[in-house]
file upload.txt (compact mmCIF, C-alpha atoms)
# COMPACT_ATOMS: atom_id res chain seq x y z
CA MET A 1 -36.40 11.92 57.39
CA GLY A 2 -36.13 15.64 56.84
CA ARG A 3 -35.63 17.15 53.36
CA ARG A 4 -32.33 18.64 52.30
CA PRO A 5 -32.06 22.43 52.39
CA ASN A 6 -31.94 22.68 48.59
CA GLU A 7 -35.06 20.57 48.36
CA ALA A 8 -36.88 22.64 50.92
CA GLY A 9 -35.84 26.11 49.69
CA GLY A 10 -34.47 25.67 46.17
CA ARG A 11 -37.68 24.78 44.39
CA PRO A 12 -39.78 27.65 45.79
CA LEU A 13 -36.98 30.03 44.86
CA PHE A 14 -36.94 28.60 41.33
CA TRP A 15 -40.68 29.18 40.87
CA ILE A 16 -40.41 32.68 42.28
CA LEU A 17 -37.77 33.48 39.66
CA VAL A 18 -39.94 32.00 36.90
CA ALA A 19 -42.92 34.08 38.05
CA ALA A 20 -40.78 37.24 38.12
CA VAL A 21 -39.57 36.62 34.55
CA LEU A 22 -43.14 36.06 33.31
CA ILE A 23 -44.40 39.21 35.01
CA SER A 24 -41.51 41.22 33.54
CA CYS A 25 -42.31 39.93 30.05
CA ALA A 26 -45.98 40.76 30.48
CA LEU A 27 -45.19 44.30 31.63
CA ALA A 28 -42.78 44.79 28.73
CA TYR A 29 -45.42 43.61 26.24
CA LEU A 30 -48.03 45.88 27.80
CA GLY A 31 -45.70 48.86 27.56
CA LEU A 32 -44.83 48.14 23.94
CA SER A 33 -48.46 47.62 22.87
CA THR A 34 -49.50 50.83 24.66
CA ALA A 35 -46.76 52.76 22.86
CA LEU A 36 -47.90 51.34 19.52
CA ARG A 37 -51.53 52.25 20.26
CA ARG A 38 -50.47 55.76 21.14
CA GLN A 39 -48.55 56.05 17.88
CA GLU A 40 -51.64 54.89 15.97
CA SER A 41 -53.72 57.36 18.00
CA ARG A 42 -51.61 60.28 16.86
CA PHE A 43 -51.70 59.14 13.23
CA LEU A 44 -55.50 59.24 12.98
CA GLY A 45 -56.45 61.27 16.02
CA LEU A 46 -57.33 58.53 18.50
CA PRO A 47 -57.41 59.26 22.22
CA ASN A 48 -54.32 57.84 23.96
CA ASP A 49 -56.39 55.91 26.47
CA ALA A 50 -57.95 52.99 24.58
CA SER A 51 -60.08 51.96 27.57
CA GLU A 52 -61.58 55.43 27.74
CA LEU A 53 -62.29 55.32 24.03
CA GLU A 54 -64.00 51.94 24.17
CA GLY A 55 -66.07 52.97 27.16
CA ARG A 56 -67.40 56.02 25.34
CA GLY A 57 -68.25 54.38 22.06
CA ALA A 58 -68.65 50.64 22.29
CA ASP A 59 -72.31 50.50 23.36
CA GLY A 60 -74.48 50.12 20.34
CA GLY A 61 -73.00 49.01 17.07
CA GLU A 62 -74.84 48.26 13.82
CA GLU A 63 -76.87 45.55 15.53
CA ASP A 64 -78.71 47.58 18.15
CA CYS A 65 -78.32 51.26 17.28
CA CYS A 66 -81.33 53.29 18.35
CA ARG A 67 -80.04 56.68 19.46
CA GLY A 68 -81.46 60.17 19.40
CA HIS A 69 -80.32 63.78 19.39
CA GLU A 70 -80.91 65.39 22.79
CA HIS A 71 -82.35 68.92 23.07
CA LEU A 72 -83.89 68.69 19.61
CA GLU A 73 -87.58 68.72 18.68
CA LEU A 74 -88.57 67.64 15.21
CA TRP A 75 -91.96 68.64 13.86
CA GLY A 76 -94.04 66.80 11.27
CA ALA A 77 -97.29 64.90 10.88
CA ALA A 78 -97.95 62.64 13.88
CA VAL A 79 -98.84 59.03 13.19
CA LYS A 80 -99.00 58.22 16.91
CA TRP A 81 -99.72 60.85 19.55
CA GLY A 82 -97.42 60.90 22.54
CA ALA A 83 -100.15 61.81 25.01
CA ASP A 84 -101.37 58.19 25.00
CA HIS A 85 -98.19 56.55 23.70
CA LYS A 86 -95.52 56.38 26.39
CA PHE A 87 -92.28 54.50 27.06
CA ASN A 88 -89.53 54.51 29.68
CA SER A 89 -86.66 55.31 27.32
CA SER A 90 -85.86 57.01 24.04
CA ARG A 91 -84.54 53.68 22.74
CA ASP A 92 -87.97 52.10 23.19
CA CYS A 93 -89.53 55.05 21.37
CA CYS A 94 -87.07 54.62 18.51
CA ARG A 95 -87.80 50.92 18.30
CA ALA A 96 -91.54 51.64 18.14
CA CYS A 97 -90.88 53.82 15.10
CA LYS A 98 -88.72 51.15 13.47
CA ALA A 99 -91.46 48.59 14.08
CA MET A 100 -93.69 50.56 11.72
CA CYS A 101 -91.22 49.97 8.89
CA GLY A 102 -91.97 46.64 7.24
CA SER A 103 -89.78 44.76 4.79
CA VAL A 104 -91.91 45.93 1.88
CA GLY A 105 -93.77 49.13 1.12
CA PRO A 106 -93.24 52.64 2.49
CA CYS A 107 -92.26 53.20 6.11
CA LEU A 108 -95.14 54.66 8.12
CA CYS A 109 -92.77 56.32 10.61
CA ASN A 110 -89.45 58.00 9.83
CA SER A 111 -88.92 60.19 12.91
CA TRP A 112 -89.66 60.11 16.60
CA VAL A 113 -89.72 62.60 19.50
CA PHE A 114 -89.40 61.56 23.15
CA CYS A 115 -89.58 63.40 26.47
CA GLY A 116 -87.21 61.66 28.88
CA ASP A 117 -86.33 64.19 31.59
CA ARG A 118 -88.70 63.26 34.41
CA GLU A 119 -88.25 66.56 36.27
CA ARG A 120 -88.52 68.90 33.29
CA CYS A 121 -91.11 66.89 31.37
CA GLY A 122 -93.49 66.56 34.30
CA GLU A 123 -96.75 65.00 33.11
CA ARG A 124 -95.29 64.67 29.64
CA PHE A 125 -92.54 62.33 30.81
CA GLY A 126 -92.34 59.27 28.58
CA GLU A 127 -94.36 60.73 25.72
CA CYS A 128 -93.29 59.15 22.43
CA TRP A 129 -94.46 60.94 19.32
CA LEU A 130 -94.06 59.00 16.10
CA LYS A 131 -93.99 61.19 13.01
CA LYS A 132 -93.73 61.12 9.24
CA GLN A 133 -91.39 63.61 7.61
CA GLU A 134 -92.14 64.70 4.06
CA ASP A 135 -88.41 65.00 3.35
CA VAL A 136 -86.00 62.84 5.39
CA LEU A 137 -83.02 64.97 4.27
CA LEU A 138 -84.82 68.17 5.28
CA PRO A 139 -86.80 67.24 8.40
CA ALA A 140 -89.11 69.84 9.91
CA LEU A 141 -87.27 71.40 12.85
CA HIS A 142 -89.38 72.97 15.57
CA ASP A 143 -86.69 73.93 18.09
CA LYS A 144 -83.24 73.00 19.39
CA GLY A 145 -80.93 74.07 22.23
CA GLU A 146 -80.41 73.39 25.93
CA LYS A 147 -83.88 74.66 26.81
CA VAL A 148 -85.55 71.98 24.68
CA ILE A 149 -86.73 69.01 26.76
CA TRP A 150 -87.21 66.66 23.82
CA THR A 151 -84.95 64.05 22.18
CA SER A 152 -85.55 63.34 18.50
CA GLY A 153 -84.34 60.79 15.99
CA LEU A 154 -84.63 59.87 12.32
CA ILE A 155 -85.15 56.49 10.69
CA TYR A 156 -83.81 55.85 7.19
CA VAL A 157 -84.94 52.75 5.35
CA LYS A 158 -83.39 51.27 2.23
CA GLY A 159 -82.89 53.88 -0.49
CA GLU A 160 -83.38 56.85 1.90
CA GLY A 161 -80.98 59.19 3.67
CA ILE A 162 -78.33 59.27 0.97
CA VAL A 163 -76.09 62.26 0.28
CA GLY A 164 -73.33 62.68 -2.26
CA LEU A 165 -69.77 63.93 -2.07
CA GLU A 166 -69.22 65.29 -5.55
CA THR A 167 -65.64 65.16 -6.87
CA ASP A 168 -63.97 65.56 -10.26
CA TYR A 169 -63.76 61.76 -10.36
CA GLY A 170 -67.42 61.03 -9.67
CA THR A 171 -69.89 61.28 -6.81
CA LEU A 172 -69.38 59.23 -3.67
CA ARG A 173 -72.86 58.41 -2.39
CA ILE A 174 -73.10 57.97 1.36
CA LYS A 175 -75.88 56.16 3.19
CA LEU A 176 -76.21 58.00 6.52
CA PHE A 177 -76.79 56.24 9.87
CA PRO A 178 -78.99 58.57 11.97
CA ASP A 179 -79.92 55.84 14.44
CA CYS A 180 -76.24 55.21 15.27
CA ALA A 181 -74.82 58.73 14.92
CA PRO A 182 -77.69 61.25 15.23
CA HIS A 183 -75.50 64.26 16.12
CA SER A 184 -73.19 63.54 13.20
CA VAL A 185 -76.09 63.20 10.77
CA THR A 186 -77.63 66.43 12.08
CA TYR A 187 -74.37 68.20 11.22
CA ILE A 188 -74.28 66.69 7.72
CA LEU A 189 -77.89 67.75 7.13
CA GLU A 190 -77.06 71.29 8.29
CA LEU A 191 -74.23 71.41 5.73
CA LEU A 192 -76.62 70.09 3.11
CA ARG A 193 -79.24 72.68 4.01
CA SER A 194 -76.73 75.53 3.84
CA ARG A 195 -75.55 74.44 0.37
CA HIS A 196 -72.11 75.62 1.40
CA CYS A 197 -69.10 73.34 1.70
CA ALA A 198 -66.29 75.57 0.44
CA GLY A 199 -63.06 74.23 1.90
CA CYS A 200 -64.36 70.66 2.12
CA GLN A 201 -61.76 68.41 0.52
CA ILE A 202 -59.88 65.12 0.41
CA TYR A 203 -56.14 65.60 0.97
CA ARG A 204 -54.76 62.17 1.89
CA ALA A 205 -54.97 58.95 -0.13
CA GLU A 206 -53.50 55.54 0.63
CA SER A 207 -54.24 52.30 -1.21
CA ARG A 208 -54.75 48.86 0.33
CA GLY A 209 -51.20 47.98 -0.67
CA PRO A 210 -50.13 44.38 0.01
CA SER A 211 -51.98 44.17 3.35
CA TRP A 212 -55.61 43.71 2.23
CA ASP A 213 -57.24 41.77 -0.60
CA PRO A 214 -59.70 43.35 -3.11
CA LYS A 215 -62.62 42.57 -0.79
CA GLY A 216 -60.93 44.51 2.00
CA ASP A 217 -60.02 41.52 4.15
CA HIS A 218 -56.65 41.64 5.88
CA ILE A 219 -54.05 39.23 4.53
CA SER A 220 -52.57 36.96 7.19
CA TYR A 221 -49.13 37.93 8.47
CA ALA A 222 -49.18 41.21 6.52
CA SER A 223 -48.62 44.51 8.27
CA PHE A 224 -51.46 46.95 8.99
CA GLY A 225 -49.71 49.71 7.06
CA PRO A 226 -48.38 51.89 5.72
CA PRO A 227 -50.23 52.33 3.43
CA TYR A 228 -53.34 52.35 5.63
CA ALA A 229 -56.11 51.76 3.06
CA LEU A 230 -58.08 54.99 3.38
CA VAL A 231 -58.77 58.40 1.94
CA GLN A 232 -58.97 61.29 4.38
CA GLY A 233 -60.28 64.83 4.29
CA THR A 234 -62.34 67.49 6.04
CA LEU A 235 -66.03 68.38 6.02
CA GLU A 236 -65.74 71.84 7.51
CA ALA A 237 -67.08 74.70 5.42
CA GLU A 238 -65.01 77.87 5.38
CA GLY A 239 -66.55 80.64 7.45
CA VAL A 240 -68.81 78.25 9.38
CA LEU A 241 -68.15 77.79 13.09
CA PHE A 242 -67.65 74.09 13.76
CA LYS A 243 -68.62 72.60 17.12
CA LYS A 244 -66.98 69.36 18.16
CA LEU A 245 -69.25 66.37 17.78
CA PRO A 246 -69.75 63.88 20.61
CA VAL A 247 -68.38 60.36 20.22
CA GLU A 248 -71.33 58.24 19.18
CA ALA A 249 -71.86 54.55 18.39
CA CYS A 250 -68.53 53.22 17.14
CA SER A 251 -69.20 50.39 14.73
CA THR A 252 -66.35 48.24 13.51
CA VAL A 253 -64.73 50.01 10.58
CA ARG A 254 -65.50 48.10 7.40
CA ARG A 255 -64.65 48.68 3.76
CA GLY A 256 -66.75 51.70 2.74
CA SER A 257 -67.24 53.05 6.28
CA VAL A 258 -67.27 56.84 6.60
CA ALA A 259 -66.10 57.96 10.03
CA TRP A 260 -64.93 60.99 11.97
CA ILE A 261 -61.40 61.29 13.31
CA GLU A 262 -61.92 62.17 16.97
CA SER A 263 -64.74 64.75 17.07
CA GLY A 264 -64.55 65.88 13.42
CA PRO A 265 -64.57 67.64 11.05
CA GLU A 266 -61.70 65.48 9.78
CA PHE A 267 -63.08 62.25 8.33
CA PHE A 268 -61.95 59.19 6.42
CA ILE A 269 -63.37 56.62 4.02
CA SER A 270 -62.03 53.15 4.69
CA LEU A 271 -60.87 51.02 1.77
CA ALA A 272 -60.51 47.90 3.94
CA ASN A 273 -61.93 46.07 6.93
CA HIS A 274 -60.03 47.52 9.88
CA ASP A 275 -60.86 45.13 12.70
CA GLU A 276 -57.61 46.17 14.38
CA TRP A 277 -59.08 49.62 15.16
CA ARG A 278 -61.50 48.01 17.63
CA ARG A 279 -64.57 50.25 17.29
CA ALA A 280 -62.41 53.32 17.63
CA TYR A 281 -64.31 55.81 15.48
CA THR A 282 -67.81 57.23 15.11
CA VAL A 283 -69.03 55.66 11.86
CA PHE A 284 -71.79 57.92 10.55
CA GLY A 285 -72.32 56.41 7.11
CA ALA A 286 -71.15 54.07 4.39
CA ILE A 287 -70.25 54.51 0.74
CA LEU A 288 -72.58 52.62 -1.59
CA PRO A 289 -70.67 49.52 -2.79
CA GLN A 290 -70.92 50.49 -6.46
CA ASP A 291 -69.15 53.79 -5.72
CA MET A 292 -66.09 52.28 -4.05
CA GLU A 293 -64.29 52.22 -7.40
CA ILE A 294 -64.29 56.04 -7.22
CA ALA A 295 -62.64 55.92 -3.79
CA GLU A 296 -60.11 53.44 -5.16
CA LYS A 297 -59.40 55.76 -8.10
CA ILE A 298 -58.72 58.61 -5.68
CA ALA A 299 -56.41 56.35 -3.67
CA GLY A 300 -54.40 55.74 -6.83
CA LEU A 301 -53.76 59.41 -7.62
CA GLN A 302 -50.35 61.05 -7.42
CA THR A 303 -49.18 61.47 -3.84
CA ARG A 304 -46.13 62.59 -1.92
CA SER A 305 -44.72 61.29 1.33
CA ASP A 306 -45.14 63.17 4.58
CA VAL A 307 -44.66 62.48 8.28
CA TRP A 308 -47.39 63.17 10.84
CA ASN A 309 -46.35 62.66 14.46
CA ASN A 310 -43.61 60.20 13.47
CA VAL A 311 -45.97 58.22 11.19
CA ASP A 312 -45.37 57.97 7.44
CA VAL A 313 -48.41 59.04 5.39
CA LEU A 314 -49.23 59.77 1.75
CA VAL A 315 -50.89 63.08 0.89
CA LEU A 316 -52.32 64.07 -2.47
CA GLU A 317 -50.24 66.32 -4.70
CA LYS A 318 -53.49 68.14 -5.51
CA PRO A 319 -56.23 68.02 -2.85
CA ILE A 320 -59.70 67.22 -4.20
CA SER A 321 -62.52 69.69 -3.58
CA LEU A 322 -65.82 68.29 -2.36
CA LYS A 323 -69.39 69.44 -2.86
CA LEU A 324 -72.15 68.02 -0.70
CA LYS A 325 -75.45 67.36 -2.45
CA ARG A 326 -78.63 65.41 -1.97
CA ILE A 327 -79.26 62.21 -3.91
CA THR A 328 -82.77 61.50 -5.12
CA ASN A 329 -82.11 58.98 -7.88
CA LEU A 330 -80.00 55.89 -7.26
CA GLY A 331 -80.11 54.74 -10.86
CA ALA A 332 -76.78 56.24 -11.87
CA ASN A 333 -73.79 57.64 -10.08
CA GLY A 334 -74.03 61.36 -9.50
CA SER A 335 -77.65 61.64 -10.66

call {"tool": "encode", "arguments": {"input": "upload.txt", "output": "structure tokens"}}
result
Amino acid sequence: MGRRPNEAGGRPLFWILVAAVLISCALAYLGLSTALRRQESRFLGLPNDASELEGRGADGGEEDCCRGHEHLELWGAAVKWGADHKFNSSRDCCRACKAMCGSVGPCLCNSWVFCGDRERCGERFGECWLKKQEDVLLPALHDKGEKVIWTSGLIYVKGEGIVGLETDYGTLRIKLFPDCAPHSVTYILELLRSRHCAGCQIYRAESRGPSWDPKGDHISYASFGPPYALVQGTLEAEGVLFKKLPVEACSTVRRGSVAWIESGPEFFISLANHDEWRRAYTVFGAILPQDMEIAEKIAGLQTRSDVWNNVDVLVLEKPISLKLKRITNLGANGS
């Protein structure tokens, strides 16, 4: 016995309609989420294309960072000579340097130099020079620029590589991450060397509000802002030509993270764990935990409302000037 027409054609038509509705809902959701991402991008300077952003910065977070600064040759006393110490990649060279840093005692290696351009390096291809800098915040620079065939990197162990952002409310000490963001750290060290940061300031301050707890964890079902749990400013010295920094390893933004907005020199200090930003920013350092109360104090200063690209923000009534200085004693804040 043959099936009735409605049995033969009705059910397929029903499922086609269901599929069409589901696809329409999915497309609508995709469009809405893209629009929201674009709005967030404009508020902090994110690229509009999230896939492009993740592709540029997602390789190498805190767990496996071992990057170097291309076209840079650091000098210093060699602890292993590259002529008989070779690897296939700069990452392997970096790891060899890290391997000389034990859990106790001084690190025997705090910088490395690698020749990785097979054509330009010739017989020197693969040479990995492990070196010991006398001053990790003022490493001996031999040469830099496009003509330089070497890639160099720094290694900071516990208690090393710390600079301070001096404010009227105390000094924010930052532990730098040269193995994750070598270009960014090179720029910070150049500012430190020049002893000139006129124009550097913090101009935006937003508390955690009701969205994050005191530890910086997001509270379930709460919004992600405003306020956005950050302080924001610029690290561009007046009269100094700033060159855009490349996007480097983009770690997940945690409470205390110090990161560039796009390619700098605008930066922010996070007051919360922003998992929703999905490794969106080059994190080049972290505020020491004991100094976060200074960042919180700044976030509680008098502000006024403003609108940036259709996003509500809070800017300081009086921007805070910053001075960049080296930290040699961790015993007390600002020492």

call {"tool": "residues_around", "arguments": {"input": "upload.txt", "residues": "segment 111-122 of chain A", "least_positions_apart": "4", "cutoff": "9 Å", "atoms": "all atoms listed in the file", "output": "JSON, numbers by chain"}}
result
{"A": [68, 72, 73, 74, 75, 76, 82, 86, 87, 88, 89, 90, 93, 94, 96, 97, 126, 127, 128, 129, 130, 131, 132, 133, 136, 139, 149, 150, 151, 152, 153, 154, 155, 156]}

call {"tool": "closest_residue", "arguments": {"input": "upload.txt", "among": "A:Arg204, A:Asn329, A:Trp212, A:Met292", "to": "Ser305 of chain A", "atoms": "all atoms listed in the file"}}
result
A:Arg204

call {"tool": "atom_distance", "arguments": {"input": "upload.txt", "atom1": "atom CA of Val313 of chain A", "atom2": "atom CA of Val258 of chain A"}}
result
19.0 Å

call {"tool": "atom_distance", "arguments": {"input": "upload.txt", "atom1": "atom CA of Gly170 of chain A", "atom2": "atom CA of Ile327 of chain A"}}
result
13.2 Å

call {"tool": "residues_around", "arguments": {"input": "upload.txt", "residues": "Leu271 of chain A", "least_positions_apart": "6", "cutoff": "8 Å", "atoms": "only C-alpha atoms", "output": "number ranges by chain"}}
result
A: 207-208, 216, 229-231, 254-256, 292, 295-296

call {"tool": "closest_residue", "arguments": {"input": "upload.txt", "among": "A:Asp143, A:Glu236, A:Glu160, A:Glu206", "to": "Pro106 of chain A", "atoms": "only C-alpha atoms"}}
result
A:Glu160

call {"tool": "residues_around", "arguments": {"input": "upload.txt", "residues": "segment 179-195 of chain A", "least_positions_apart": "2", "cutoff": "7 Å", "atoms": "all atoms listed in the file", "output": "PyMOL selection string"}}
result
chain A and resi 65-69+137+153-155+176-177+197+245+248-249+284+324-325

call {"tool": "residues_near_point", "arguments": {"input": "upload.txt", "point": "(-62.0, 57.7, 11.8)", "cutoff": "6 Å", "atoms": "all atoms listed in the file", "output": "list in words"}}
result
Ala259, Trp260, Ile261, Phe267, Phe268 and Tyr281 of chain A

call {"tool": "closest_residue", "arguments": {"input": "upload.txt", "among": "A:Lys144, A:Lys175, A:Arg124, A:Lys297", "to": "Val283 of chain A", "atoms": "only C-alpha atoms"}}
result
A:Lys175
